[in-house]
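Everything below concerns the one structure shown next.
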There are 2 protein chains.
Amino acid sequence: MAVGNAMAGLITGQECIRGQVVLREMGIGGIPVINTENACASAATAFHLAWLYVASGMYDVVMAVGMEKLFHEDKQRSFAAIGSAIDVELMQQTLEKMKAVTKDNSAESGAGKSRSMFMDFYAEFARDHMRKYGTTKEHFAKVAAKNHTHGSLNPHAQFRTPRTVEEVLASPVIAEPLTRMMCSPIGDGAAAVILTSAEKAKQFTSKPVYVKASVLGSGKDRQPGDPGVTERIAKKAYEVAGIGPEDLHVAEVHDASAPAELIIYEELGLCKPGEGGRLIDEGATSLGGRTPVNPSGGLLAKGHPVGATGVAQIAEIFWQLRGEAGDRQVEGAKVGLTENGGGMVRGEAAALAVHILTV
Amino acid sequence: MAVGNAMAGLITGQECIRGQVVLREMGIGGIPVINTENACASAATAFHLAWLYVASGMYDVVMAVGMEKLFHEDKQRSFAAIGSAIDVELMQQTLEKMKAVTKDNSAESGAGKSRSMFMDFYAEFARDHMRKYGTTKEHFAKVAAKNHTHGSLNPHAQFRTPRTVEEVLASPVIAEPLTRMMCSPIGDGAAAVILTSAEKAKQFTSKPVYVKASVLGSGKDRQPGDPGVTERIAKKAYEVAGIGPEDLHVAEVHDASAPAELIIYEELGLCKPGEGGRLIDEGATSLGGRTPVNPSGGLLAKGHPVGATGVAQIAEIFWQLRGEAGDRQVEGAKVGLTENGGGMVRGEAAALAVHILTV
């Protein structure tokens, strides 16, 4: 059993053996339990381990669980927990330097503001993309409107109201150009999947879904021209699976913010660098488009219970490939991808996992 | 890279991506990093994963790191962190019930006392063993005196003063029959080992140490007559390695308290149930004895930086099997075992790992 959780320690005080405490309540004991943490990629890491146990032949049946308790009555506690996915010592130093330079101690800057530090990073990435490629705030709004509309079709989604581009743009600004509807919300949640060997799977189902690639990596200090972590890991996953991005029928990706999804299009090779805006304009990633992305509603609308997200993405692709996704079904989906990133160290994801599944 | 850490989140605020933050400081990036947690068995869990990566053929070279930041100026913070290795919700309920029944709010009972809750459990286990088998407080003191004396020979040990049985008995009582010298101390620490395939190892050394068994498990609700978790996991490890307890030349075991080590003798099959006292009386587990246990000084004297301990045990056995353990060398050691337990759910270790190494 591999259990992913990121932040429940700071929220609940149950710092250790989180998996065992929950599982014993369910009457599950005796088996190996590994608690894994990789910030927002904790659950994909748990899935990767469960896969490794089965793929190596060590165990026949392994469960991967992702779970999160992120909601706290004091929202600052939740933000502090999310902030612990960055190098907290470095972050503290940066905040103090910023304070010293700007002398700006208003509630909306620095510590104590009513948003996660991550959204400042995402806003910066978004502005950078706008400067470089002429991407607009409307492009990001289109991503958010698409995912909220997808989410409205998903009974498991946190938000189930379809949204228009206008509504997304009219929602309160969090950090320019991000509006609230372009940011993933705080929430609790859990997801679980069971992995077995292909042989064993026959005992349980006539419609197995196969894991074709499970690749985990981390960010590093890059030289000019080096690919980013997402591009690097995705490339390896495509190699392992023996496919390319053009072969994907559906993907669940880490849209912690709307601009992130647009940039991920490019990093996964769904379009060329700088063409994410064009791709969303064409509707290629909407349900009914060429390669629907985040039919579940993604982190923006399905929700982002941090340590659960990676397994929830796998569950969505599982349903899609089996044709069991109801109103949000991608017709004829046979090949799906998940991308789950977590934490940040010096500007890159601290952990990133890409999985490719097929039927 | 597999990283074990248990409690630094509550001590430092760095709840997430602890491994990546530390490793990037050292210039290590890009590779997969998995943060694992299994309370006091976090590091053995990390080692188990690193082993799985290599044994499965997925990677050739993997590092297992165990690290802990447990010391805090406010000792209650350290105790609270250690307390999070138990089901905290259940514990809170128990404490409230105890308060309601005894109306005893003195500093030495319930929350706020100057010891870890774990020592109450160990004291209860010790009293139980005394009642059942006639084991005495002196037996436990002998274990502690042995480990402190072993530790005095280990330059890596937290305590390097040899102790006599009389000194152990004269140290302050923590929870009857435990005196302070029978309890593992609070401390920070880290350990790392590198695993490679047997083929690859030839490139680096002419004296490789082999992992013959790596078994991880967890406690469960037992029926009368069921073996405990340690006995169960050890039995499986012996089976996998194709040896029995009589073949061991040296062992590093989880002596979080002195009685624990004595009970572990029986659970590992170094003697029959109830004969732990006799074994320590005979000096069988001292340096120079039949099967020296905790030549490093163990958790009692080498120290117990929670999330580092399991890898530190492996490092000690590595040195022992290569004949590099200096003054604490076990002559001719060719087969060694480590036992690392962590957390507690309803009276049994939440996680427990046994490793068997050979040259």
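Scheme for the structure tokens: letters A, B, ... for chains in order shown; per-chain residue numbers from 1; ligand numbers from 1 in order shown.
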
Using only C-alpha atoms, what does the table of chain B residues within 7 Å of chain A look like, with each row giving the shortest atom pair and its distance in Å to one decimal, sorted by chain and ascending number, as a tab-separated table?
```
residue	atom	partner	partner_atom	distance
B:Ala6	CA	A:Cys16	CA	6.2
B:Met7	CA	A:Glu15	CA	6.7
B:Leu10	CA	A:Leu10	CA	6.8
B:Gly13	CA	A:Ser84	CA	6.5
B:Gln14	CA	A:Ser84	CA	5.1
B:Glu15	CA	A:Ser84	CA	5.3
B:Cys16	CA	A:Ala85	CA	4.7
B:Ile17	CA	A:Asn38	CA	5.4
B:Gln20	CA	A:Ala350	CA	6.3
B:Val21	CA	A:Asp87	CA	5.9
B:Gly29	CA	A:Lys220	CA	4.2
B:Gly30	CA	A:Ser218	CA	4.6
B:Ile31	CA	A:Gly217	CA	5.1
B:Pro32	CA	A:Gly217	CA	3.9
B:Val33	CA	A:Ser218	CA	6.6
B:Ile34	CA	A:Asn38	CA	6.7
B:Asn35	CA	A:Glu37	CA	5.1
B:Thr36	CA	A:Thr36	CA	4.6
B:Glu37	CA	A:Asn35	CA	5.1
B:Asn38	CA	A:Ile17	CA	5.4
B:Ala39	CA	A:Cys16	CA	5.3
B:Ser56	CA	A:Ser56	CA	5.0
B:Ser84	CA	A:Gln14	CA	5.1
B:Ala85	CA	A:Cys16	CA	4.8
B:Asp87	CA	A:Val21	CA	5.9
B:Val88	CA	A:Gln14	CA	6.0
B:Leu216	CA	A:Pro32	CA	5.4
B:Gly217	CA	A:Pro32	CA	4.0
B:Ser218	CA	A:Gly30	CA	4.6
B:Gly219	CA	A:Gly30	CA	4.9
B:Lys220	CA	A:Gly29	CA	4.3
B:Asp221	CA	A:Gly29	CA	6.9
B:Gly343	CA	A:Ile17	CA	6.5
B:Val345	CA	A:Val21	CA	6.7
B:Ala350	CA	A:Gln20	CA	6.3
```

Go ahead and save the picked residues with C-alpha atoms, as a PDB file, in the first residue's frame.
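Final output, selection25.pdb:
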```pdb
ATOM      1  CA  ALA B   6       9.523  11.746  10.163  1.00  0.00           C
ATOM      2  CA  MET B   7       9.171  14.880  12.209  1.00  0.00           C
ATOM      3  CA  LEU B  10       6.428  20.002  12.800  1.00  0.00           C
ATOM      4  CA  GLY B  13       7.767  24.095   9.131  1.00  0.00           C
ATOM      5  CA  GLN B  14       9.220  22.460   6.001  1.00  0.00           C
ATOM      6  CA  GLU B  15       6.310  20.050   5.680  1.00  0.00           C
ATOM      7  CA  CYS B  16       6.834  19.200   2.036  1.00  0.00           C
ATOM      8  CA  ILE B  17       9.682  18.276  -0.350  1.00  0.00           C
ATOM      9  CA  GLN B  20      14.588  18.096  -2.487  1.00  0.00           C
ATOM     10  CA  VAL B  21      15.280  21.174  -0.371  1.00  0.00           C
ATOM     11  CA  GLY B  29      18.735  17.729  -8.804  1.00  0.00           C
ATOM     12  CA  GLY B  30      16.902  16.200 -11.740  1.00  0.00           C
ATOM     13  CA  ILE B  31      16.668  12.668 -10.370  1.00  0.00           C
ATOM     14  CA  PRO B  32      13.564  11.077  -8.866  1.00  0.00           C
ATOM     15  CA  VAL B  33      13.229  11.928  -5.183  1.00  0.00           C
ATOM     16  CA  ILE B  34      10.721  10.147  -2.960  1.00  0.00           C
ATOM     17  CA  ASN B  35      10.112  11.473   0.518  1.00  0.00           C
ATOM     18  CA  THR B  36       9.004   8.625   2.756  1.00  0.00           C
ATOM     19  CA  GLU B  37       7.591   8.671   6.244  1.00  0.00           C
ATOM     20  CA  ASN B  38       6.950   5.773   8.573  1.00  0.00           C
ATOM     21  CA  ALA B  39       7.670   7.412  11.940  1.00  0.00           C
ATOM     22  CA  SER B  56      13.760  -4.463  -9.866  1.00  0.00           C
ATOM     23  CA  SER B  84       2.435  12.405  16.290  1.00  0.00           C
ATOM     24  CA  ALA B  85       3.718   8.875  15.637  1.00  0.00           C
ATOM     25  CA  ASP B  87      -2.972   8.055  16.333  1.00  0.00           C
ATOM     26  CA  VAL B  88      -3.299  11.607  17.676  1.00  0.00           C
ATOM     27  CA  LEU B 216       8.540  -4.103   5.335  1.00  0.00           C
ATOM     28  CA  GLY B 217       5.237  -4.651   7.112  1.00  0.00           C
ATOM     29  CA  SER B 218       2.798  -3.057   9.509  1.00  0.00           C
ATOM     30  CA  GLY B 219       0.924  -3.949  12.658  1.00  0.00           C
ATOM     31  CA  LYS B 220      -2.569  -5.407  12.592  1.00  0.00           C
ATOM     32  CA  ASP B 221      -5.379  -6.365  14.890  1.00  0.00           C
ATOM     33  CA  GLY B 343       4.847   4.493  15.168  1.00  0.00           C
ATOM     34  CA  VAL B 345      -1.523   2.036  16.176  1.00  0.00           C
ATOM     35  CA  ALA B 350       2.646   0.959  12.572  1.00  0.00           C
TER      36      ALA B 350
END
```

At a cut-off of 10 Å, using only C-alpha atoms, what residues contact stretch 134-138 of chain B? Leave out same-chain residues fewer than 6 positions from it and give the result as a ChimeraX atom specification. /B:126-128,144,165-166,168-169,176-179,258-259,262,274-278,281

Set the distance at 7 Å and use only C-alpha atoms: which residues neighbour stretch 264-267 of chain A once local chain neighbours fewer than 6 positions away are removed? I'd like the list as an MDAnalysis selection string. chainID A and resid 230:231 273 276

With C-alpha atoms retained, write the just-selected residues as a CSV table (one decimal), in the first residue's frame.
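Listed below is the output, again_38.csv:
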```csv
chain,number,residue,atom,x,y,z
A,230,THR,CA,8.0,18.7,-17.4
A,231,GLU,CA,9.3,18.5,-21.0
A,273,PRO,CA,6.5,26.4,-27.8
A,276,GLY,CA,-0.6,27.3,-26.3
```

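In this model, the gap between atom CA of A:His148 and atom CA of A:Ser296 comes to 9.2 Å.
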
Please return, as an MDAnalysis selection string, all residues of stretch 278-310 of chain A that DSSP assigns to alpha helix (DSSP H) on the basis of the backbone. chainID A and resid 278:282 298:301 309:310

Include C-alpha atoms and write out the residues we just selected as a PDB file, in the first residue's frame.
```
ATOM      1  CA  ARG A 278      -3.576  29.159 -30.385  1.00  0.00           C
ATOM      2  CA  LEU A 279      -4.382  25.638 -29.177  1.00  0.00           C
ATOM      3  CA  ILE A 280      -6.988  26.848 -26.692  1.00  0.00           C
ATOM      4  CA  ASP A 281      -8.393  29.260 -29.320  1.00  0.00           C
ATOM      5  CA  GLU A 282      -8.922  26.295 -31.640  1.00  0.00           C
ATOM      6  CA  GLY A 298      -8.959  19.601 -13.645  1.00  0.00           C
ATOM      7  CA  LEU A 299      -7.565  21.133 -10.501  1.00  0.00           C
ATOM      8  CA  LEU A 300      -9.470  24.356 -11.267  1.00  0.00           C
ATOM      9  CA  ALA A 301     -12.959  22.835 -11.090  1.00  0.00           C
ATOM     10  CA  THR A 309      -4.667  14.903  -6.960  1.00  0.00           C
ATOM     11  CA  GLY A 310      -2.260  12.532  -8.716  1.00  0.00           C
TER      12      GLY A 310
END
```

Please list as JSON, numbers by chain every residue within 10 Å of A:Leu268, counting only C-alpha atoms and excluding residues in the same chain fewer than 6 positions away. {"A": [230, 231, 232, 233, 234, 235, 238, 244, 245, 251, 253, 337, 339, 354]}

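Between atom CA of B:Ala192 and atom CA of B:Leu357 lies a distance of 16.0 Å.
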
Could you pull out all residues of stretch 3-237 of chain B with a DSSP call of strand (DSSP E or B) and give them as a PyMOL selection string? chain B and resi 3-4+34-38+40+61-68+86+173-175+178-179+183+189-196+210-217

Include C-alpha atoms and write out the residues we just selected as a CSV table (one decimal), in the first residue's frame.
```csv
chain,number,residue,atom,x,y,z
B,3,VAL,CA,14.6,10.1,1.7
B,4,GLY,CA,13.3,9.2,5.1
B,34,ILE,CA,10.7,10.1,-3.0
B,35,ASN,CA,10.1,11.5,0.5
B,36,THR,CA,9.0,8.6,2.8
B,37,GLU,CA,7.6,8.7,6.2
B,38,ASN,CA,7.0,5.8,8.6
B,40,CYS,CA,10.8,5.9,13.6
B,61,VAL,CA,22.5,3.4,-8.5
B,62,VAL,CA,20.1,4.8,-5.8
B,63,MET,CA,20.9,6.6,-2.6
B,64,ALA,CA,18.9,6.1,0.6
B,65,VAL,CA,19.0,9.0,3.0
B,66,GLY,CA,17.7,9.2,6.5
B,67,MET,CA,17.6,12.6,8.3
B,68,GLU,CA,16.0,14.2,11.2
B,86,ILE,CA,0.6,7.6,17.5
B,173,VAL,CA,13.1,7.4,36.9
B,174,ILE,CA,11.2,8.3,33.7
B,175,ALA,CA,8.3,5.8,34.0
B,178,LEU,CA,12.5,2.9,33.0
B,179,THR,CA,15.3,5.2,34.1
B,183,CYS,CA,15.4,5.7,27.2
B,189,GLY,CA,21.2,13.3,12.8
B,190,ALA,CA,21.5,12.0,9.3
B,191,ALA,CA,22.8,8.9,7.5
B,192,ALA,CA,23.1,7.8,3.8
B,193,VAL,CA,24.0,4.7,2.0
B,194,ILE,CA,24.3,4.0,-1.8
B,195,LEU,CA,22.8,0.9,-3.3
B,196,THR,CA,23.8,-0.5,-6.7
B,210,TYR,CA,24.8,-7.6,-0.3
B,211,VAL,CA,21.1,-7.1,0.7
B,212,LYS,CA,19.7,-10.6,1.2
B,213,ALA,CA,16.3,-9.6,2.5
B,214,SER,CA,14.3,-6.4,2.7
B,215,VAL,CA,10.9,-6.8,4.3
B,216,LEU,CA,8.5,-4.1,5.3
B,217,GLY,CA,5.2,-4.7,7.1
```

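In this model, the gap between atom CA of A:His304 and atom CA of A:Leu95 comes to 25.8 Å.
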
With only C-alpha atoms as the counted atoms, please give the residues lying no more than 10 Å from A:Arg322, apart from itself and same-chain residues fewer than 2 positions off, as an mmCIF file with N, CA and C atoms, in the first residue's frame.
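Result file selection38.cif:
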```cif
data_model
loop_
_atom_site.group_PDB
_atom_site.id
_atom_site.type_symbol
_atom_site.label_atom_id
_atom_site.label_comp_id
_atom_site.auth_asym_id
_atom_site.auth_seq_id
_atom_site.Cartn_x
_atom_site.Cartn_y
_atom_site.Cartn_z
ATOM 1 N N LYS A 207 -11.950 -5.666 -18.618
ATOM 2 C CA LYS A 207 -11.565 -4.374 -19.225
ATOM 3 C C LYS A 207 -10.391 -3.747 -18.466
ATOM 4 N N PRO A 208 -9.218 -4.399 -18.424
ATOM 5 C CA PRO A 208 -8.102 -3.807 -17.676
ATOM 6 C C PRO A 208 -7.570 -2.556 -18.371
ATOM 7 N N VAL A 209 -7.002 -1.683 -17.578
ATOM 8 C CA VAL A 209 -6.284 -0.514 -18.097
ATOM 9 C C VAL A 209 -4.810 -0.748 -17.761
ATOM 10 N N GLU A 316 -9.498 9.298 -13.193
ATOM 11 C CA GLU A 316 -10.240 9.899 -14.308
ATOM 12 C C GLU A 316 -9.851 9.240 -15.636
ATOM 13 N N ILE A 317 -8.546 9.048 -15.847
ATOM 14 C CA ILE A 317 -8.113 8.429 -17.105
ATOM 15 C C ILE A 317 -8.597 6.976 -17.172
ATOM 16 N N PHE A 318 -8.590 6.308 -16.024
ATOM 17 C CA PHE A 318 -9.118 4.932 -15.945
ATOM 18 C C PHE A 318 -10.568 4.901 -16.447
ATOM 19 N N TRP A 319 -11.397 5.813 -15.911
ATOM 20 C CA TRP A 319 -12.805 5.859 -16.338
ATOM 21 C C TRP A 319 -12.912 6.202 -17.828
ATOM 22 N N GLN A 320 -12.099 7.173 -18.260
ATOM 23 C CA GLN A 320 -12.158 7.596 -19.669
ATOM 24 C C GLN A 320 -11.822 6.432 -20.597
ATOM 25 N N GLU A 324 -16.317 4.964 -19.171
ATOM 26 C CA GLU A 324 -17.241 5.070 -18.039
ATOM 27 C C GLU A 324 -17.308 6.483 -17.468
ATOM 28 N N ALA A 325 -16.983 7.491 -18.317
ATOM 29 C CA ALA A 325 -16.876 8.851 -17.793
ATOM 30 C C ALA A 325 -18.151 9.668 -17.972
ATOM 31 N N GLN A 329 -17.373 12.004 -21.134
ATOM 32 C CA GLN A 329 -16.622 10.968 -21.849
ATOM 33 C C GLN A 329 -15.963 11.519 -23.115
ATOM 34 N N GLY A 332 -14.105 7.299 -27.724
ATOM 35 C CA GLY A 332 -13.079 6.420 -28.285
ATOM 36 C C GLY A 332 -11.702 6.548 -27.663
ATOM 37 N N ALA A 333 -11.614 7.071 -26.453
ATOM 38 C CA ALA A 333 -10.300 7.266 -25.823
ATOM 39 C C ALA A 333 -9.642 5.919 -25.517
ATOM 40 N N LYS A 334 -8.445 5.733 -26.042
ATOM 41 C CA LYS A 334 -7.697 4.481 -25.822
ATOM 42 C C LYS A 334 -6.325 4.731 -25.188
ATOM 43 N N THR A 358 -3.102 2.903 -21.180
ATOM 44 C CA THR A 358 -3.794 2.491 -22.402
ATOM 45 C C THR A 358 -4.780 1.359 -22.095
ATOM 46 N N VAL A 359 -5.685 1.119 -23.044
ATOM 47 C CA VAL A 359 -6.488 -0.118 -22.974
ATOM 48 C C VAL A 359 -6.086 -0.969 -24.163
#
```

Give me the residues within 8 Å of B:Lys146 as a PyMOL selection string, counting only C-alpha atoms and dropping any in the same chain fewer than 6 places off. chain B and resi 163+286+297

Same residues, C-alpha atoms, saved as a JSON list (two decimals), in the first residue's frame:
```json
[["chain", "number", "residue", "atom", "x", "y", "z"],
["B", 163, "ARG", "CA", 27.92, 3.08, 32.01],
["B", 286, "SER", "CA", 27.59, -7.93, 24.21],
["B", 297, "GLY", "CA", 25.51, 1.76, 20.99]]
```
